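In what follows, a structure is listed as structure tokens, so that the remarks can point back to it.
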Amino acid sequence: MEWKIIHIDETDSTNRWLREYKEPMANSPQLIAVWADFQTAGKGQGSNTWESERGKNLLFSILFHPDGVPANRQFVISMAISLAITDALGEQIGDVSVKWPNDIYWRNGKISGILIENRLSGQIIKESIIGVGINVNQREFHSDAPNPVSLWQIHGHETDREQLLHDILDRFSRYMERDVRDDYMRMLYRRKGFYPYSDADGTFMAELVDVEEDGHLLLRDDSGHDRRYAFKEVTFIL
């Protein structure tokens with residue numbers, strides 16, 4: 001796949017920047033990535049914000065047009081980018097996993113977050129914008145986020161952000177061309193054993209059973225009952 005990579009100093013959001021990016025179709029590559037030194041309004045999922053010191057972390061978005069991915073299988077995009085990031089980071093630090101649906105963890109600390117926005121044409125995904133924030137060279141965090149961690153805090157040296165971006169994009173291209181579900185399941189955080197969770201009815205202990213093709217999480221509680229959740233319907237208690 002051909003990539004066009006654009007570097008900018010500052011924007012409110014790389015996802016928003018790509019949504020408004022215009023280029024003649026004749027000159028447009030299959031995939032475009034933009035990365036920024038600073039985001040003034042970086043977003044996580046829902047109302048969450050993403051803390052990032054200027055020039056220290058890897059903040060980027062990808063714009064691409066999936067080949068015939070139906071809307072009910074859009075979770076394959078989330079799996080592919082999650083695996084690309086865990087691969088690239090895992091080579092440096094090990095102990096990297098995916099906390100369902102697509103937070104990237106080192107042990108029990110969050111090192112990366114992903115925000116995906118899809119546009120449909122009928123029942124097919126026409127366009128996907130994937131926003132990624134990775135804590136790379138930041139040494140201290142000051143927000144009320146419970147568990148951020150950076151590459152620098154783990155291995156104690158600076159990481160080339162641009163090289164890391166290229167590593168992730170190369171892996172993402174490969175993962176989008178194969179069946180990734182088994183790889184995703186192997187990389188899941190808390191994939192074995194019972195752990196505490198909470199939902200609208202309260203807290204409970206459960207083990208992870210499956211992630212369905214459409215992205216729903218299936219847990220089995222310590223009473224043997226299966227519980228099925230869409231995103232934001234269940235919380236991992238850390």
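Ligands are numbered from 1 in the order shown, chains are lettered A, B, ... in the order of the structure tokens, and residues start at 1 in each chain.
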| Asp167 of chain A surroundings by only C-alpha atoms, 9 Å radius, close-in-sequence under 5 positions cut, as a list of chain:residue names | A:Ala84, A:Ile85, A:Asp87, A:Ala88, A:Glu162, A:Phe172
Take the residues just selected and output them with C-alpha atoms as a compact mmCIF listing (two decimals), in the first residue's frame.
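Done, and the output landed in part_35.txt:
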# COMPACT_ATOMS: atom_id res chain seq x y z
CA ALA A 84 0.00 -2.92 14.67
CA ILE A 85 0.65 -0.80 17.76
CA ASP A 87 3.64 -5.26 17.71
CA ALA A 88 5.66 -2.07 17.31
CA GLU A 162 8.73 9.26 13.15
CA PHE A 172 -1.23 -1.90 9.86
Leaving out segment 126-139 of chain A and any residue of its chain fewer than 6 positions from it, which residues lie within 8 Å of it when counting only C-alpha atoms, given as a CSV table (one decimal) with all heavy atoms, in the first residue's frame?
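Wrote result_29.csv, looks like this:
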chain,number,residue,atom,x,y,z
A,14,THR,N,-6.0,15.7,14.9
A,14,THR,CA,-5.6,15.2,13.6
A,14,THR,C,-6.7,14.5,12.9
A,14,THR,O,-6.7,14.4,11.7
A,14,THR,CB,-4.4,14.2,13.8
A,14,THR,OG1,-4.7,13.2,14.8
A,14,THR,CG2,-3.1,14.9,14.2
A,15,ASN,N,-7.7,13.9,13.7
A,15,ASN,CA,-8.9,13.3,13.0
A,15,ASN,C,-9.6,14.4,12.3
A,15,ASN,O,-10.0,14.2,11.1
A,15,ASN,CB,-9.8,12.7,14.0
A,15,ASN,CG,-9.4,11.2,14.3
A,15,ASN,OD1,-8.3,10.8,14.1
A,15,ASN,ND2,-10.4,10.4,14.7
A,18,LEU,N,-7.8,15.6,9.1
A,18,LEU,CA,-7.9,14.7,7.9
A,18,LEU,C,-9.3,14.7,7.4
A,18,LEU,O,-9.5,14.5,6.1
A,18,LEU,CB,-7.6,13.2,8.4
A,18,LEU,CG,-6.1,12.8,8.2
A,18,LEU,CD1,-6.0,11.3,8.6
A,18,LEU,CD2,-5.6,13.0,6.8
A,19,ARG,N,-10.4,14.9,8.2
A,19,ARG,CA,-11.7,15.0,7.7
A,19,ARG,C,-11.8,16.1,6.7
A,19,ARG,O,-12.6,16.0,5.7
A,19,ARG,CB,-12.7,15.2,8.8
A,19,ARG,CG,-13.1,13.9,9.5
A,19,ARG,CD,-14.4,14.1,10.3
A,19,ARG,NE,-14.4,15.2,11.2
A,19,ARG,CZ,-13.9,15.1,12.5
A,19,ARG,NH1,-13.5,14.0,12.9
A,19,ARG,NH2,-13.9,16.2,13.2
A,50,TRP,N,-6.9,13.7,25.9
A,50,TRP,CA,-5.7,13.0,25.9
A,50,TRP,C,-4.6,14.0,26.2
A,50,TRP,O,-4.3,15.0,25.5
A,50,TRP,CB,-5.4,12.4,24.5
A,50,TRP,CG,-4.2,11.6,24.4
A,50,TRP,CD1,-2.9,12.0,24.0
A,50,TRP,CD2,-4.1,10.2,24.8
A,50,TRP,NE1,-2.1,10.9,24.1
A,50,TRP,CE2,-2.7,9.8,24.5
A,50,TRP,CE3,-4.9,9.3,25.3
A,50,TRP,CZ2,-2.2,8.6,24.8
A,50,TRP,CZ3,-4.5,8.0,25.5
A,50,TRP,CH2,-3.1,7.6,25.3
A,52,SER,N,-1.0,15.4,26.4
A,52,SER,CA,0.3,15.2,25.7
A,52,SER,C,1.1,16.5,25.7
A,52,SER,O,0.7,17.5,25.3
A,52,SER,CB,0.0,14.8,24.2
A,52,SER,OG,1.2,14.5,23.5
A,53,GLU,N,2.3,16.3,26.2
A,53,GLU,CA,3.3,17.5,26.2
A,53,GLU,C,3.8,17.7,24.7
A,53,GLU,O,4.0,16.8,24.0
A,53,GLU,CB,4.5,17.1,27.1
A,53,GLU,CG,5.4,18.2,27.3
A,53,GLU,CD,6.5,17.8,28.3
A,53,GLU,OE1,6.4,16.8,29.0
A,53,GLU,OE2,7.6,18.5,28.3
A,56,LYS,N,6.5,15.6,22.4
A,56,LYS,CA,7.0,14.5,23.1
A,56,LYS,C,6.4,13.1,22.7
A,56,LYS,O,7.0,12.1,22.9
A,56,LYS,CB,6.8,14.7,24.6
A,56,LYS,CG,7.6,15.8,25.3
A,56,LYS,CD,9.1,15.5,25.2
A,56,LYS,CE,9.9,16.5,25.9
A,56,LYS,NZ,11.3,16.2,25.9
A,57,ASN,N,5.2,13.2,22.2
A,57,ASN,CA,4.4,11.9,22.0
A,57,ASN,C,4.1,11.8,20.5
A,57,ASN,O,4.3,12.7,19.7
A,57,ASN,CB,3.2,11.9,22.8
A,57,ASN,CG,3.6,11.9,24.3
A,57,ASN,OD1,4.5,11.3,24.7
A,57,ASN,ND2,2.8,12.7,25.1
A,58,LEU,N,3.6,10.6,20.1
A,58,LEU,CA,3.2,10.4,18.8
A,58,LEU,C,1.7,10.5,18.6
A,58,LEU,O,0.9,9.7,19.2
A,58,LEU,CB,3.6,9.0,18.3
A,58,LEU,CG,3.3,8.6,16.9
A,58,LEU,CD1,3.9,9.6,15.9
A,58,LEU,CD2,3.9,7.2,16.6
A,59,LEU,N,1.2,11.5,18.0
A,59,LEU,CA,-0.2,11.8,17.8
A,59,LEU,C,-0.4,11.8,16.3
A,59,LEU,O,0.1,12.7,15.5
A,59,LEU,CB,-0.5,13.2,18.3
A,59,LEU,CG,0.0,13.5,19.8
A,59,LEU,CD1,-0.2,15.0,20.1
A,59,LEU,CD2,-0.7,12.6,20.8
A,60,PHE,N,-1.2,10.9,15.8
A,60,PHE,CA,-1.4,10.8,14.4
A,60,PHE,C,-2.8,10.2,14.0
A,60,PHE,O,-3.5,9.6,14.9
A,60,PHE,CB,-0.3,9.9,13.7
A,60,PHE,CG,-0.4,8.4,14.0
A,60,PHE,CD1,-1.0,7.5,13.2
A,60,PHE,CD2,0.2,7.9,15.2
A,60,PHE,CE1,-1.1,6.2,13.4
A,60,PHE,CE2,0.2,6.5,15.4
A,60,PHE,CZ,-0.5,5.7,14.6
A,61,SER,N,-3.2,10.4,12.8
A,61,SER,CA,-4.4,9.9,12.3
A,61,SER,C,-4.2,9.3,10.9
A,61,SER,O,-3.4,9.8,10.1
A,61,SER,CB,-5.5,10.9,12.2
A,61,SER,OG,-5.9,11.3,13.5
A,62,ILE,N,-4.9,8.3,10.6
A,62,ILE,CA,-4.9,7.6,9.3
A,62,ILE,C,-6.2,7.8,8.6
A,62,ILE,O,-7.3,7.6,9.2
A,62,ILE,CB,-4.6,6.1,9.5
A,62,ILE,CG1,-3.3,5.8,10.1
A,62,ILE,CG2,-4.7,5.3,8.1
A,62,ILE,CD1,-3.1,4.4,10.6
A,63,LEU,N,-6.1,8.1,7.3
A,63,LEU,CA,-7.3,8.1,6.5
A,63,LEU,C,-7.2,7.0,5.4
A,63,LEU,O,-6.2,7.0,4.6
A,63,LEU,CB,-7.5,9.5,5.8
A,63,LEU,CG,-8.6,9.6,4.7
A,63,LEU,CD1,-10.0,9.4,5.2
A,63,LEU,CD2,-8.4,11.0,4.0
A,64,PHE,N,-8.2,6.1,5.3
A,64,PHE,CA,-8.1,5.1,4.3
A,64,PHE,C,-9.5,4.6,3.9
A,64,PHE,O,-10.5,4.9,4.6
A,64,PHE,CB,-7.2,3.9,4.7
A,64,PHE,CG,-7.8,2.9,5.6
A,64,PHE,CD1,-8.0,1.6,5.2
A,64,PHE,CD2,-8.1,3.2,6.9
A,64,PHE,CE1,-8.6,0.7,6.0
A,64,PHE,CE2,-8.6,2.3,7.8
A,64,PHE,CZ,-8.9,1.0,7.3
A,65,HIS,N,-9.6,3.9,2.8
A,65,HIS,CA,-10.8,3.4,2.3
A,65,HIS,C,-10.8,1.9,2.3
A,65,HIS,O,-10.1,1.3,1.4
A,65,HIS,CB,-11.1,4.0,0.9
A,65,HIS,CG,-11.0,5.5,0.9
A,65,HIS,ND1,-12.1,6.3,1.2
A,65,HIS,CD2,-10.0,6.3,0.5
A,65,HIS,CE1,-11.8,7.5,1.1
A,65,HIS,NE2,-10.5,7.6,0.7
A,66,PRO,N,-11.4,1.3,3.3
A,66,PRO,CA,-11.3,-0.2,3.4
A,66,PRO,C,-11.9,-0.9,2.1
A,66,PRO,O,-12.8,-0.3,1.5
A,66,PRO,CB,-12.2,-0.5,4.6
A,66,PRO,CG,-12.2,0.7,5.4
A,66,PRO,CD,-12.2,1.8,4.4
A,111,ILE,N,-0.7,3.0,27.6
A,111,ILE,CA,0.3,3.7,26.8
A,111,ILE,C,-0.2,4.3,25.5
A,111,ILE,O,0.4,5.2,25.0
A,111,ILE,CB,1.5,2.7,26.6
A,111,ILE,CG1,2.8,3.5,26.1
A,111,ILE,CG2,1.1,1.6,25.6
A,111,ILE,CD1,4.0,2.7,26.1
A,112,SER,N,-1.4,3.8,25.1
A,112,SER,CA,-1.9,4.3,23.8
A,112,SER,C,-3.4,4.2,23.8
A,112,SER,O,-4.0,3.3,24.4
A,112,SER,CB,-1.3,3.5,22.7
A,112,SER,OG,-1.9,3.9,21.4
A,113,GLY,N,-4.1,5.2,23.1
A,113,GLY,CA,-5.5,5.2,22.9
A,113,GLY,C,-5.8,5.4,21.4
A,113,GLY,O,-5.0,6.0,20.7
A,114,ILE,N,-7.0,4.9,21.0
A,114,ILE,CA,-7.4,4.9,19.6
A,114,ILE,C,-8.8,5.4,19.5
A,114,ILE,O,-9.7,5.0,20.3
A,114,ILE,CB,-7.3,3.5,19.0
A,114,ILE,CG1,-5.8,2.9,19.1
A,114,ILE,CG2,-7.7,3.4,17.6
A,114,ILE,CD1,-5.7,1.5,18.8
A,115,LEU,N,-9.1,6.2,18.5
A,115,LEU,CA,-10.4,6.7,18.3
A,115,LEU,C,-10.7,6.5,16.8
A,115,LEU,O,-10.0,7.1,15.9
A,115,LEU,CB,-10.6,8.2,18.7
A,115,LEU,CG,-11.9,8.9,18.4
A,115,LEU,CD1,-13.0,8.2,19.2
A,115,LEU,CD2,-11.8,10.4,18.6
A,116,ILE,N,-11.7,5.8,16.4
A,116,ILE,CA,-12.0,5.4,15.0
A,116,ILE,C,-13.3,6.0,14.6
A,116,ILE,O,-14.3,5.9,15.3
A,116,ILE,CB,-12.0,3.9,14.8
A,116,ILE,CG1,-10.7,3.3,15.2
A,116,ILE,CG2,-12.4,3.6,13.4
A,116,ILE,CD1,-10.6,1.8,15.2
A,117,GLU,N,-13.4,6.7,13.5
A,117,GLU,CA,-14.6,7.3,12.9
A,117,GLU,C,-14.8,6.7,11.5
A,117,GLU,O,-13.9,6.9,10.7
A,117,GLU,CB,-14.5,8.8,12.9
A,117,GLU,CG,-14.2,9.4,14.2
A,117,GLU,CD,-13.9,10.9,14.2
A,117,GLU,OE1,-14.9,11.7,13.9
A,117,GLU,OE2,-12.8,11.3,14.3
A,118,ASN,N,-15.9,6.0,11.3
A,118,ASN,CA,-16.2,5.4,10.0
A,118,ASN,C,-17.4,6.1,9.3
A,118,ASN,O,-18.3,6.6,10.0
A,118,ASN,CB,-16.5,3.9,10.2
A,118,ASN,CG,-15.4,3.1,10.7
A,118,ASN,OD1,-14.2,3.3,10.2
A,118,ASN,ND2,-15.6,2.2,11.6
A,119,ARG,N,-17.3,6.3,8.0
A,119,ARG,CA,-18.4,6.8,7.2
A,119,ARG,C,-18.9,5.6,6.3
A,119,ARG,O,-18.0,4.9,5.7
A,119,ARG,CB,-17.9,7.9,6.3
A,119,ARG,CG,-17.8,9.2,7.1
A,119,ARG,CD,-17.9,10.4,6.2
A,119,ARG,NE,-17.1,10.4,5.0
A,119,ARG,CZ,-17.4,10.8,3.8
A,119,ARG,NH1,-18.5,11.4,3.6
A,119,ARG,NH2,-16.5,10.8,2.8
A,120,LEU,N,-20.2,5.5,6.2
A,120,LEU,CA,-20.8,4.4,5.5
A,120,LEU,C,-21.3,4.8,4.1
A,120,LEU,O,-21.7,5.9,3.9
A,120,LEU,CB,-21.9,3.7,6.2
A,120,LEU,CG,-21.6,3.2,7.6
A,120,LEU,CD1,-22.9,2.6,8.3
A,120,LEU,CD2,-20.5,2.2,7.6
A,148,PRO,N,-1.6,6.5,33.2
A,148,PRO,CA,-0.8,6.7,32.0
A,148,PRO,C,0.6,6.2,32.2
A,148,PRO,O,1.2,6.3,33.3
A,148,PRO,CB,-0.9,8.2,31.7
A,148,PRO,CG,-1.1,8.8,33.1
A,148,PRO,CD,-1.9,7.8,33.8
A,149,VAL,N,1.2,5.7,31.1
A,149,VAL,CA,2.6,5.4,31.2
A,149,VAL,C,3.2,5.6,29.8
A,149,VAL,O,2.5,5.6,28.8
A,149,VAL,CB,2.8,3.9,31.6
A,149,VAL,CG1,2.3,2.9,30.5
A,149,VAL,CG2,4.3,3.5,31.9
A,150,SER,N,4.5,6.0,29.7
A,150,SER,CA,5.1,6.3,28.5
A,150,SER,C,6.3,5.3,28.2
A,150,SER,O,6.8,4.7,29.1
A,150,SER,CB,5.6,7.7,28.4
A,150,SER,OG,6.7,7.9,29.3
A,151,LEU,N,6.7,5.3,27.0
A,151,LEU,CA,7.9,4.5,26.6
A,151,LEU,C,9.1,5.0,27.4
A,151,LEU,O,9.9,4.1,27.9
A,151,LEU,CB,8.2,4.6,25.1
A,151,LEU,CG,7.4,3.7,24.2
A,151,LEU,CD1,7.8,4.1,22.7
A,151,LEU,CD2,7.6,2.3,24.4
A,152,TRP,N,9.3,6.3,27.6
A,152,TRP,CA,10.4,6.8,28.3
A,152,TRP,C,10.4,6.3,29.8
A,152,TRP,O,11.5,5.9,30.3
A,152,TRP,CB,10.5,8.3,28.3
A,152,TRP,CG,11.8,8.9,28.9
A,152,TRP,CD1,12.9,9.2,28.2
A,152,TRP,CD2,12.0,9.1,30.2
A,152,TRP,NE1,13.9,9.6,29.1
A,152,TRP,CE2,13.3,9.6,30.3
A,152,TRP,CE3,11.2,9.0,31.4
A,152,TRP,CZ2,13.9,10.0,31.6
A,152,TRP,CZ3,11.8,9.4,32.6
A,152,TRP,CH2,13.1,9.9,32.7
A,153,GLN,N,9.2,6.3,30.4
A,153,GLN,CA,9.2,5.9,31.8
A,153,GLN,C,9.5,4.4,31.9
A,153,GLN,O,10.0,3.9,33.0
A,153,GLN,CB,7.7,6.1,32.3
A,153,GLN,CG,7.4,7.6,32.5
A,153,GLN,CD,6.0,7.8,32.9
A,153,GLN,OE1,5.1,7.0,32.6
A,153,GLN,NE2,5.7,8.9,33.7
A,157,HIS,N,14.8,6.0,27.8
A,157,HIS,CA,15.5,6.7,26.8
A,157,HIS,C,14.6,7.2,25.7
A,157,HIS,O,13.4,6.8,25.6
A,157,HIS,CB,16.6,5.9,26.1
A,157,HIS,CG,16.2,4.6,25.5
A,157,HIS,ND1,15.6,4.6,24.2
A,157,HIS,CD2,16.2,3.3,25.9
A,157,HIS,CE1,15.2,3.4,23.9
A,157,HIS,NE2,15.6,2.6,24.9
A,158,GLU,N,15.0,8.2,24.9
A,158,GLU,CA,14.2,8.8,23.9
A,158,GLU,C,13.9,7.8,22.8
A,158,GLU,O,14.8,7.0,22.4
A,158,GLU,CB,14.8,10.1,23.3
A,158,GLU,CG,15.0,11.2,24.4
A,158,GLU,CD,13.8,12.0,24.5
A,158,GLU,OE1,13.2,12.4,23.5
A,158,GLU,OE2,13.4,12.3,25.7
A,159,THR,N,12.7,7.9,22.2
A,159,THR,CA,12.4,7.1,21.0
A,159,THR,C,12.1,8.0,19.8
A,159,THR,O,11.5,9.1,20.0
A,159,THR,CB,11.1,6.3,21.3
A,159,THR,OG1,11.4,5.4,22.4
A,159,THR,CG2,10.6,5.5,20.1
A,161,ARG,N,10.1,9.3,17.2
A,161,ARG,CA,8.6,9.2,16.9
A,161,ARG,C,8.3,8.9,15.5
A,161,ARG,O,7.4,8.1,15.2
A,161,ARG,CB,7.9,10.5,17.4
A,161,ARG,CG,8.0,10.8,18.8
A,161,ARG,CD,7.4,12.2,19.2
A,161,ARG,NE,8.1,13.2,18.5
A,161,ARG,CZ,7.6,14.3,18.0
A,161,ARG,NH1,6.2,14.5,18.1
A,161,ARG,NH2,8.3,15.3,17.5
| request: as JSON, numbers by chain, list the residues of segment 49-171 of chain A assigned to alpha helix (DSSP H) by DSSP on the backbone atoms of this structure. | output: {"A": [75, 76, 77, 78, 79, 80, 81, 82, 83, 84, 85, 86, 87, 88, 89, 90, 91, 92, 93, 151, 152, 153, 154, 155, 161, 162, 163, 164, 165, 166, 167, 168, 169, 170, 171]}
| Within 9 Å of segment 181-198 of chain A, counting only C-alpha atoms, which residues qualify if same-chain residues fewer than 2 places away don't, as JSON, numbers by chain? | {"A": [76, 79, 80, 82, 83, 86, 96, 97, 98, 99, 100, 104, 105, 107, 108, 179, 200, 201, 202, 203, 204, 205, 206, 207, 208, 209, 210, 211, 213, 220, 221, 222, 233, 234, 235, 236, 237, 238]}
| request: Mind the document's chain letters and residue numbers, and return as number ranges by chain the residues of chain A that DSSP labels strand (DSSP E). | output: A: 3-11, 31-39, 58-64, 96-99, 103-106, 109-121, 124-134, 194-199, 202-211, 217-221, 226-229, 235-236
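Of note, atom CA of Ile124 of chain A and atom CA of Gly68 of chain A are spaced 6.3 Å apart.
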